[in-house]
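Containing CSV, C-alpha atoms: target.csv.
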```
chain,number,residue,atom,x,y,z
L,12,MET,CA,-115.1,119.2,136.0
L,13,VAL,CA,-117.8,119.7,133.5
L,14,ARG,CA,-121.5,120.3,133.9
L,15,ARG,CA,-124.2,120.2,131.2
L,16,ILE,CA,-127.0,122.7,131.2
L,17,ASP,CA,-129.9,122.5,128.8
L,18,VAL,CA,-131.0,125.6,127.0
L,19,THR,CA,-134.1,126.2,124.8
L,20,GLY,CA,-133.1,128.1,121.7
L,21,ALA,CA,-135.1,129.8,118.9
L,22,GLY,CA,-138.1,127.9,117.7
L,23,GLY,CA,-137.8,125.6,120.8
L,24,VAL,CA,-134.6,123.9,119.6
L,25,ARG,CA,-132.8,122.0,122.4
L,26,LEU,CA,-129.3,123.3,123.0
L,27,ALA,CA,-126.5,121.9,125.2
L,28,ALA,CA,-124.4,124.3,127.2
L,29,TRP,CA,-121.3,123.2,129.1
L,30,GLU,CA,-119.7,124.7,132.2
L,31,PHE,CA,-116.0,123.7,132.4
L,32,ALA,CA,-114.0,124.4,135.5
L,33,ASP,CA,-111.1,123.1,137.5
L,34,PRO,CA,-111.8,121.5,140.8
L,35,PRO,CA,-113.3,124.1,143.2
L,36,LYS,CA,-110.9,125.9,145.4
L,37,THR,CA,-111.3,126.7,149.1
L,38,ASP,CA,-114.3,129.0,149.7
L,39,PRO,CA,-114.8,129.8,145.9
L,40,PRO,CA,-117.1,132.6,145.0
L,41,LYS,CA,-120.6,131.7,144.0
L,42,ALA,CA,-121.1,131.3,140.2
L,43,SER,CA,-123.7,134.1,140.3
L,44,GLU,CA,-121.1,136.4,141.7
L,45,LEU,CA,-118.6,135.9,138.8
L,46,PRO,CA,-118.7,137.8,135.5
L,47,GLY,CA,-120.1,135.7,132.7
L,48,VAL,CA,-118.4,134.5,129.6
L,49,LEU,CA,-120.1,132.7,126.7
L,50,LEU,CA,-117.9,130.8,124.3
L,51,LEU,CA,-119.1,130.2,120.8
L,52,HIS,CA,-117.4,127.7,118.5
L,53,GLY,CA,-117.1,127.9,114.8
L,54,LEU,CA,-118.7,125.9,112.0
L,55,MET,CA,-118.4,122.2,112.6
L,56,GLY,CA,-117.0,122.9,116.1
L,57,ARG,CA,-118.4,122.0,119.5
L,58,ALA,CA,-118.3,123.3,123.0
L,59,SER,CA,-115.5,121.0,124.1
L,60,HIS,CA,-113.1,122.8,121.8
L,61,TRP,CA,-113.2,125.5,124.4
L,62,ALA,CA,-112.4,123.3,127.4
L,63,SER,CA,-108.9,124.4,128.1
L,64,THR,CA,-109.8,128.1,127.6
L,65,ALA,CA,-112.9,127.8,129.8
L,66,ARG,CA,-110.9,126.1,132.6
L,67,TRP,CA,-108.5,129.0,133.0
L,68,LEU,CA,-111.3,131.5,132.5
L,69,SER,CA,-113.2,129.9,135.4
L,70,GLU,CA,-110.6,131.2,137.8
L,71,ARG,CA,-112.2,134.6,137.6
L,72,HIS,CA,-115.3,134.1,135.4
L,73,ARG,CA,-118.3,131.9,135.0
L,74,ALA,CA,-117.4,130.4,131.7
L,75,ILE,CA,-119.9,128.5,129.6
L,76,ALA,CA,-119.5,127.1,126.1
L,77,LEU,CA,-122.5,126.5,123.9
L,78,ASP,CA,-123.0,123.6,121.4
L,79,GLN,CA,-124.8,125.6,118.7
L,80,ARG,CA,-127.7,124.2,116.8
L,81,GLY,CA,-126.7,121.3,114.6
L,82,HIS,CA,-123.4,120.9,116.5
L,83,GLY,CA,-122.1,118.8,119.3
L,84,GLN,CA,-124.8,117.5,121.6
L,85,SER,CA,-127.4,120.1,120.6
L,86,ALA,CA,-130.4,119.2,118.4
L,87,LYS,CA,-129.9,118.6,114.7
L,88,ALA,CA,-133.5,118.5,113.6
L,89,PRO,CA,-133.8,118.5,109.8
L,90,GLU,CA,-136.7,121.0,109.9
L,91,ALA,CA,-134.9,123.5,112.2
L,92,GLU,CA,-133.8,126.9,110.9
L,93,TYR,CA,-130.1,127.3,110.3
L,94,THR,CA,-130.2,131.1,109.6
L,95,ARG,CA,-128.1,133.8,111.0
L,96,GLU,CA,-131.1,135.0,113.0
L,97,ALA,CA,-131.6,131.6,114.6
L,98,TYR,CA,-127.9,131.3,115.7
L,99,VAL,CA,-128.0,134.8,117.2
L,100,GLU,CA,-131.3,134.2,119.0
L,101,ASP,CA,-129.9,130.9,120.4
L,102,ALA,CA,-126.9,132.8,121.9
L,103,GLU,CA,-129.3,135.5,123.2
L,104,ALA,CA,-131.4,132.8,124.8
L,105,ALA,CA,-128.4,131.2,126.4
L,106,LEU,CA,-127.2,134.4,128.0
L,107,GLU,CA,-130.7,135.1,129.4
L,108,GLN,CA,-131.5,131.5,130.6
L,109,LEU,CA,-128.1,131.0,132.1
L,110,GLY,CA,-128.0,134.3,133.9
L,111,LEU,CA,-124.7,135.3,132.3
L,112,ALA,CA,-125.5,138.8,131.1
L,113,PRO,CA,-123.9,141.2,130.8
L,114,ALA,CA,-121.2,138.8,129.5
L,115,VAL,CA,-118.1,138.7,127.5
L,116,LEU,CA,-118.7,136.8,124.2
L,117,ILE,CA,-115.7,134.9,122.8
L,118,GLY,CA,-116.3,133.5,119.3
L,119,HIS,CA,-114.2,131.6,116.8
L,120,ALA,CA,-115.0,131.9,113.1
L,121,MET,CA,-118.8,131.6,112.6
L,122,GLY,CA,-119.2,131.8,116.4
L,123,ALA,CA,-117.4,135.2,116.3
L,124,LEU,CA,-119.9,136.4,113.7
L,125,THR,CA,-122.8,135.3,115.9
L,126,ALA,CA,-121.1,137.1,118.8
L,127,TRP,CA,-120.7,140.4,117.1
L,128,GLN,CA,-124.2,140.3,115.6
L,129,LEU,CA,-125.6,139.7,119.0
L,130,ALA,CA,-123.5,142.5,120.5
L,131,ALA,CA,-124.9,144.8,117.9
L,132,LYS,CA,-128.5,143.6,118.5
L,133,ARG,CA,-128.5,143.5,122.3
L,134,PRO,CA,-125.8,145.7,123.7
L,135,ASP,CA,-127.5,145.3,127.1
L,136,LEU,CA,-126.4,141.7,127.2
L,137,VAL,CA,-122.7,142.1,126.1
L,138,ARG,CA,-120.0,143.9,128.1
L,139,GLY,CA,-117.1,142.7,125.9
L,140,LEU,CA,-116.4,140.9,122.6
L,141,ILE,CA,-113.5,138.7,121.4
L,142,ILE,CA,-113.5,137.9,117.6
L,143,CYS,CA,-111.2,135.1,116.7
L,144,ASP,CA,-110.2,134.7,113.0
L,145,MET,CA,-113.4,135.6,111.3
L,146,ARG,CA,-113.7,137.8,108.2
L,147,ALA,CA,-116.2,140.6,107.8
L,148,SER,CA,-116.1,140.6,104.0
L,149,ALA,CA,-118.2,138.4,101.8
L,150,LEU,CA,-116.5,135.2,100.7
L,151,GLY,CA,-118.8,134.5,97.7
L,152,SER,CA,-120.2,131.6,95.7
L,153,ALA,CA,-116.8,130.1,94.8
L,154,SER,CA,-116.0,129.6,98.4
L,155,GLN,CA,-119.3,127.8,99.0
L,156,ARG,CA,-118.6,125.5,96.1
L,157,GLU,CA,-115.1,124.7,97.4
L,158,TRP,CA,-116.7,123.7,100.7
L,159,GLU,CA,-119.2,121.5,99.0
L,160,ASP,CA,-116.4,119.7,97.1
L,161,TRP,CA,-114.3,119.5,100.3
L,162,PHE,CA,-117.1,117.6,102.2
L,163,LYS,CA,-117.4,115.2,99.3
L,164,ALA,CA,-113.6,114.5,99.4
L,165,TRP,CA,-113.7,113.3,103.0
L,166,PRO,CA,-112.9,109.5,103.1
L,167,ALA,CA,-115.7,108.9,105.6
L,168,PRO,CA,-116.4,106.7,107.4
L,169,PHE,CA,-113.0,106.6,109.0
L,170,ALA,CA,-111.8,103.3,110.3
L,171,THR,CA,-110.2,104.7,113.4
L,172,LEU,CA,-109.6,108.0,115.2
L,173,ALA,CA,-106.0,107.7,114.2
L,174,ASP,CA,-107.2,107.8,110.6
L,175,VAL,CA,-109.2,111.0,111.4
L,176,ARG,CA,-106.1,112.7,112.8
L,177,LYS,CA,-103.9,111.7,109.9
L,178,TRP,CA,-106.3,112.8,107.2
L,179,PHE,CA,-107.2,116.1,108.7
L,180,GLY,CA,-103.7,116.7,110.0
L,181,GLU,CA,-101.7,115.6,106.9
L,182,ASP,CA,-103.6,114.1,103.9
L,183,ASP,CA,-106.4,116.7,103.5
L,184,PRO,CA,-105.6,118.7,100.3
L,185,TRP,CA,-106.4,121.9,102.3
L,186,VAL,CA,-103.4,121.2,104.6
L,187,GLU,CA,-100.3,122.9,103.4
L,188,ARG,CA,-98.0,121.3,106.0
L,189,PRO,CA,-98.5,118.7,108.7
L,190,ASN,CA,-100.7,120.1,111.4
L,191,PRO,CA,-101.3,117.8,114.4
L,192,SER,CA,-103.6,120.2,116.2
L,193,ARG,CA,-105.9,120.3,113.2
L,194,GLY,CA,-106.1,116.5,113.3
L,195,GLU,CA,-107.0,116.7,117.0
L,196,PHE,CA,-109.6,119.4,116.4
L,197,TYR,CA,-111.5,117.1,113.9
L,198,ALA,CA,-111.1,114.0,116.0
L,199,GLU,CA,-113.1,115.9,118.6
L,200,VAL,CA,-116.1,116.2,116.3
L,201,MET,CA,-116.3,112.5,115.4
L,202,HIS,CA,-118.4,109.7,116.9
L,203,GLU,CA,-118.3,106.0,116.4
L,204,SER,CA,-121.1,104.6,114.2
L,205,PRO,CA,-121.7,101.0,113.2
L,206,ASP,CA,-119.5,101.4,110.0
L,207,GLY,CA,-116.8,103.6,111.5
L,208,TRP,CA,-116.1,107.1,112.7
L,209,ARG,CA,-118.3,109.9,111.3
L,210,PRO,CA,-118.9,113.6,112.2
L,211,VAL,CA,-121.4,114.4,114.9
L,212,PHE,CA,-122.9,116.9,112.6
L,213,GLU,CA,-124.7,116.6,109.2
L,214,PRO,CA,-122.6,118.1,106.4
L,215,GLU,CA,-125.7,119.3,104.7
L,216,GLN,CA,-126.7,121.3,107.7
L,217,MET,CA,-123.2,122.8,107.9
L,218,LEU,CA,-123.5,124.0,104.3
L,219,LYS,CA,-127.0,125.3,104.9
L,220,SER,CA,-125.6,127.3,107.9
L,221,ARG,CA,-122.7,128.6,106.0
L,222,GLN,CA,-124.7,129.8,103.0
L,223,THR,CA,-126.7,132.2,105.2
L,224,TRP,CA,-123.6,134.4,105.7
L,225,VAL,CA,-121.0,133.5,103.1
L,226,TYR,CA,-122.5,135.7,100.4
L,227,ASP,CA,-122.8,138.9,102.5
L,228,ALA,CA,-120.4,141.3,104.1
L,229,HIS,CA,-120.9,142.0,107.8
L,230,TRP,CA,-119.2,145.4,108.3
L,231,GLU,CA,-122.4,147.3,109.2
L,232,GLU,CA,-123.0,145.1,112.3
L,233,LEU,CA,-119.4,145.8,113.4
L,234,THR,CA,-120.0,149.5,113.5
L,235,GLN,CA,-123.0,148.9,115.8
L,236,VAL,CA,-120.9,147.1,118.5
L,237,ARG,CA,-120.6,149.5,121.4
L,238,CYS,CA,-118.7,147.4,123.9
L,239,PRO,CA,-114.9,146.9,123.9
L,240,ALA,CA,-113.9,144.4,121.2
L,241,LEU,CA,-110.7,142.5,120.5
L,242,VAL,CA,-109.9,141.2,117.0
L,243,VAL,CA,-107.5,138.2,117.2
L,244,ARG,CA,-105.9,136.6,114.2
L,245,GLY,CA,-103.5,133.7,113.7
L,246,LEU,CA,-100.6,134.9,111.4
L,247,ASP,CA,-101.3,131.9,109.1
L,248,GLY,CA,-105.1,132.0,109.6
L,249,GLU,CA,-107.9,133.0,107.2
L,250,LEU,CA,-108.2,136.6,108.5
L,251,GLY,CA,-105.6,138.8,106.8
L,252,ARG,CA,-103.8,141.6,108.6
L,253,ALA,CA,-105.3,144.3,106.4
L,254,GLU,CA,-108.8,143.2,106.9
L,255,SER,CA,-108.4,142.6,110.6
L,256,GLN,CA,-107.0,146.1,111.1
L,257,GLU,CA,-109.9,147.5,109.1
L,258,MET,CA,-112.3,145.6,111.4
L,259,VAL,CA,-110.5,147.2,114.4
L,260,ARG,CA,-110.9,150.6,112.8
L,261,VAL,CA,-114.6,150.4,112.2
L,262,LEU,CA,-115.3,149.0,115.7
L,263,PRO,CA,-116.1,151.9,117.9
L,264,HIS,CA,-113.9,150.4,120.7
L,265,GLY,CA,-111.7,148.0,118.7
L,266,GLN,CA,-108.4,146.5,119.7
L,267,TYR,CA,-106.0,144.1,117.9
L,268,ALA,CA,-103.9,141.1,118.7
L,269,GLU,CA,-102.2,138.4,116.7
L,270,VAL,CA,-100.7,135.0,117.5
L,271,ALA,CA,-97.6,133.8,115.8
L,272,ASP,CA,-97.2,130.3,114.5
L,273,ALA,CA,-101.0,129.9,114.5
L,274,GLY,CA,-103.5,129.2,111.7
L,275,HIS,CA,-107.2,129.4,111.7
L,276,LEU,CA,-107.6,127.3,114.9
L,277,VAL,CA,-105.7,129.8,117.0
L,278,HIS,CA,-106.8,128.5,120.4
L,279,TYR,CA,-105.9,124.9,119.4
L,280,ASP,CA,-102.6,125.7,117.6
L,281,GLN,CA,-101.1,127.9,120.3
L,282,PRO,CA,-103.2,127.7,123.5
L,283,GLU,CA,-100.7,129.5,125.7
L,284,ALA,CA,-100.1,132.4,123.2
L,285,TRP,CA,-103.9,132.6,122.7
L,286,ARG,CA,-104.3,133.1,126.5
L,287,ALA,CA,-101.5,135.7,126.5
L,288,ALA,CA,-103.3,137.6,123.7
L,289,ILE,CA,-106.7,137.7,125.2
L,290,GLU,CA,-106.2,137.8,129.0
L,291,PRO,CA,-105.1,141.5,129.2
L,292,PHE,CA,-108.2,142.5,127.3
L,293,LEU,CA,-110.4,140.4,129.6
L,294,ASP,CA,-108.7,142.0,132.6
L,295,GLY,CA,-109.5,145.4,131.2
L,296,VAL,CA,-113.1,144.6,130.7
L,297,LEU,CA,-113.3,143.1,134.2
L,298,THR,CA,-112.0,146.2,135.8
L,299,SER,CA,-113.8,148.8,133.6
```
Re-express the file's structure as structure tokens.
Amino acid sequence: MVRRIDVTGAGGVRLAAWEFADPPKTDPPKASELPGVLLLHGLMGRASHWASTARWLSERHRAIALDQRGHGQSAKAPEAEYTREAYVEDAEAALEQLGLAPAVLIGHAMGALTAWQLAAKRPDLVRGLIICDMRASALGSASQREWEDWFKAWPAPFATLADVRKWFGEDDPWVERPNPSRGEFYAEVMHESPDGWRPVFEPEQMLKSRQTWVYDAHWEELTQVRCPALVVRGLDGELGRAESQEMVRVLPHGQYAEVADAGHLVHYDQPEAWRAAIEPFLDGVLTS
């Protein structure tokens, strides 16, 4: 089951939030009685990437995933702001308008940065934080140029979704070895247009969003997070072990977990191992 809930973000931007749950059980608790979880996808992602996670979370939580501005079914207005402040204020608005606070924030990549920046800004809204494969260090201008070149290399429009899966799972120069879950991840963010399959987002807006954080380090905000926080990395992901352990060290209440045989898309590569890595943390937050 899935239910869409509209949220008004910073500057009046229309956002789509999605509540995923298995069919209700006999005499289930009311949603308002369950502890809240807000799931934030990464750059180019969408709320549906969290569907499997949200469904098992819904056994004990009210789990809602947000399509962030410029992504999924949320507004992609050219004149909208794509700043760090706007993304953080959107998540803040979602927590307040959905009645989730104090909530656990679960973020992947850019969504994790949004989550820890919000936790630092509004500790009253956040009871726990899970950071999935996001670096706190600056990536620099070379990284941004690589992304610009990568977008230009996409053979879009794609003729079929099978072509999407094959290119992102096998043929993309950034793929070191065949990765079917990566192909599925990108197939999820495509829609059919008159000339073929194209992304549901505008690449220019993705680059604009990325340039607002790629040149800066974000260690200071980590030190301001007062709630329990779990840093999760895939062993083959973008977040290295040394940096992840330093992130845990600077977090006032940091913990660490890693998932074997997983890359950057940890929750897509190894969904069962991802659950095993984060569920004990969530249980601890729930009972604290």
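Contact shell of Arg188 (chain L) at 12 Å (only C-alpha atoms; same-chain neighbours under 6 positions omitted): Lys177, Trp178, Phe179, Gly180, Glu181, Asp182, Gly194, Asp247 and Gly274 of chain L.
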- Task: Considering only C-alpha atoms, return as a ChimeraX atom specification whatever protein or nucleic-acid residues lie within 6 Å of region 97-113 of chain L, sequence-local ones (same chain, fewer than 4 positions apart) excluded.
- Result: /L:20-21,47,125,129,136-138
- Message: Which residues are near Ala58 (chain L)? Cut-off 12 Å, all atoms listed in the file, ignore same chain within fewer than 3 positions. Put them as an NGL selection string.
- Response: :L and (13-16 or 26-31 or 49-55 or 61-65 or 74-80 or 82-85 or 117-119 or 122 or 196 or 199-200)
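Within 9 Å of the point (-102.5, 133.5, 118.0) in file coordinates, and counting only C-alpha atoms, lie the residues Cys143, Val243, Arg244, Gly245, Leu246, Gly248, Ala268, Glu269, Val270, Ala271, Asp272, Ala273, Gly274, His275, Leu276, Val277, His278, Asp280, Gln281, Pro282, Glu283, Ala284, Trp285, Arg286, Ala287 and Ala288 of chain L.
Here CA of Val242 (chain L) is placed at a distance of 24.5 Å from CA of Met217 (chain L).
Residue nearest Glu96 (chain L) within the list L:Trp224, L:Asn190, L:Met201, L:Pro263: L:Trp224 [criterion: smallest interatomic distance, all atoms listed in the file].
One distance worth recording is that between CA of Val261 (chain L) and CA of Glu231 (chain L), which is 8.9 Å.
CA of Gly23 (chain L) to CA of Gly81 (chain L) spans 13.4 Å [interatomic distance, one decimal].
Each of L:His60, L:Leu68, L:Arg146, L:Phe292 was compared to Leu250 (chain L) using all atoms listed in the file, and L:Arg146 turns out to be the nearest.
Summary of the local environment: counting all atoms listed in the file, residues at most 12 Å from Glu159 (chain L), other than itself and those fewer than 2 positions away along its chain, are Ser152, Ala153, Ser154, Gln155, Arg156, Glu157, Trp161, Phe162, Lys163, Ala164, Trp165, Pro214, Glu215, Gln216, Met217, Leu218, Lys219, Arg221 and Gln222 of chain L.
Residues lying within 10 Å of (-110.0, 139.1, 128.0). Counted over all atoms listed in the file, they are Val48, Leu68, Val115, Leu116, Ile117, Gly139, Leu140, Ile141, Ala240, Leu241, Arg286, Ala287, Ala288, Ile289, Glu290, Pro291, Phe292, Leu293, Asp294, Gly295, Val296 and Leu297 of chain L.
With distances restricted to only C-alpha atoms, L:Trp230 is the closest residue to Gln128 (chain L) from L:Trp230, L:Tyr279, L:Tyr267, L:Tyr197.
With distances restricted to all atoms listed in the file, L:Met258 is the closest residue to Met145 (chain L) from L:Ala170, L:Leu45, L:Ala88, L:Met258.
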- Task: Would you kindly return, as a list in words, each protein, DNA or RNA residue with an atom no farther than 12 Å from any atom of Ser204 (chain L), considering only C-alpha atoms and excluding same-chain residues fewer than 3 positions away?
- Result: Ala167, Pro168, Phe169, Ala170, Thr171, Met201, Gly207, Trp208, Arg209, Pro210 and Val211 of chain L
Using the atoms already present, construct all heavy atoms for region 244-255 of chain L and hand them back as a tab-separated table (two decimals), keeping the file's coordinate frame.
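Written output follows (part39.tsv):
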```
chain	number	residue	atom	x	y	z
L	244	ARG	N	-106.14	137.40	115.36
L	244	ARG	CA	-105.90	136.60	114.20
L	244	ARG	C	-104.65	135.74	114.38
L	244	ARG	O	-103.69	136.14	115.06
L	244	ARG	CB	-105.70	137.46	112.92
L	244	ARG	CG	-104.51	138.39	112.96
L	244	ARG	CD	-104.36	139.19	111.67
L	244	ARG	NE	-103.97	138.37	110.55
L	244	ARG	CZ	-102.69	138.23	110.15
L	244	ARG	NH1	-101.70	138.83	110.80
L	244	ARG	NH2	-102.40	137.46	109.13
L	245	GLY	N	-104.67	134.53	113.80
L	245	GLY	CA	-103.50	133.70	113.70
L	245	GLY	C	-102.69	134.22	112.46
L	245	GLY	O	-103.30	134.50	111.42
L	246	LEU	N	-101.40	134.34	112.56
L	246	LEU	CA	-100.60	134.90	111.40
L	246	LEU	C	-100.79	134.07	110.17
L	246	LEU	O	-100.63	134.60	109.07
L	246	LEU	CB	-99.14	134.99	111.83
L	246	LEU	CG	-98.69	136.40	112.22
L	246	LEU	CD1	-99.46	136.89	113.42
L	246	LEU	CD2	-97.20	136.46	112.50
L	247	ASP	N	-101.10	132.77	110.31
L	247	ASP	CA	-101.30	131.90	109.10
L	247	ASP	C	-102.79	131.53	109.00
L	247	ASP	O	-103.11	130.54	108.36
L	247	ASP	CB	-100.47	130.65	109.24
L	247	ASP	CG	-98.98	130.95	109.27
L	247	ASP	OD1	-98.55	131.82	108.48
L	247	ASP	OD2	-98.26	130.34	110.09
L	248	GLY	N	-103.68	132.33	109.59
L	248	GLY	CA	-105.10	132.00	109.60
L	248	GLY	C	-105.80	132.55	108.33
L	248	GLY	O	-105.16	132.96	107.35
L	249	GLU	N	-107.12	132.56	108.38
L	249	GLU	CA	-107.90	133.00	107.20
L	249	GLU	C	-108.18	134.49	107.22
L	249	GLU	O	-108.53	135.05	106.18
L	249	GLU	CB	-109.24	132.22	107.23
L	249	GLU	CG	-109.06	130.73	107.04
L	249	GLU	CD	-110.37	129.96	107.07
L	249	GLU	OE1	-111.45	130.61	107.06
L	249	GLU	OE2	-110.32	128.72	107.10
L	250	LEU	N	-108.03	135.13	108.36
L	250	LEU	CA	-108.20	136.60	108.50
L	250	LEU	C	-106.92	137.29	108.21
L	250	LEU	O	-105.97	137.15	108.99
L	250	LEU	CB	-108.79	136.93	109.84
L	250	LEU	CG	-108.99	138.42	110.16
L	250	LEU	CD1	-109.98	139.06	109.20
L	250	LEU	CD2	-109.44	138.59	111.61
L	251	GLY	N	-106.84	138.05	107.11
L	251	GLY	CA	-105.60	138.80	106.80
L	251	GLY	C	-105.39	139.96	107.67
L	251	GLY	O	-106.31	140.49	108.29
L	252	ARG	N	-104.13	140.43	107.70
L	252	ARG	CA	-103.80	141.60	108.60
L	252	ARG	C	-104.54	142.82	108.15
L	252	ARG	O	-105.08	143.55	109.00
L	252	ARG	CB	-102.30	141.81	108.56
L	252	ARG	CG	-101.88	143.03	109.40
L	252	ARG	CD	-100.38	143.16	109.51
L	252	ARG	NE	-99.85	142.16	110.42
L	252	ARG	CZ	-98.75	141.45	110.20
L	252	ARG	NH1	-98.10	141.60	109.07
L	252	ARG	NH2	-98.32	140.59	111.10
L	253	ALA	N	-104.60	143.11	106.86
L	253	ALA	CA	-105.30	144.30	106.40
L	253	ALA	C	-106.73	144.35	106.79
L	253	ALA	O	-107.25	145.35	107.29
L	253	ALA	CB	-105.09	144.52	104.90
L	254	GLU	N	-107.42	143.21	106.56
L	254	GLU	CA	-108.80	143.20	106.90
L	254	GLU	C	-109.05	143.24	108.41
L	254	GLU	O	-109.96	143.92	108.88
L	254	GLU	CB	-109.49	141.91	106.33
L	254	GLU	CG	-110.98	141.85	106.61
L	254	GLU	CD	-111.70	140.74	105.86
L	254	GLU	OE1	-111.07	140.07	105.01
L	254	GLU	OE2	-112.91	140.56	106.11
L	255	SER	N	-108.21	142.55	109.17
L	255	SER	CA	-108.40	142.60	110.60
L	255	SER	C	-108.18	143.99	111.16
L	255	SER	O	-108.91	144.42	112.07
L	255	SER	CB	-107.40	141.61	111.29
L	255	SER	OG	-106.06	141.99	111.05
```
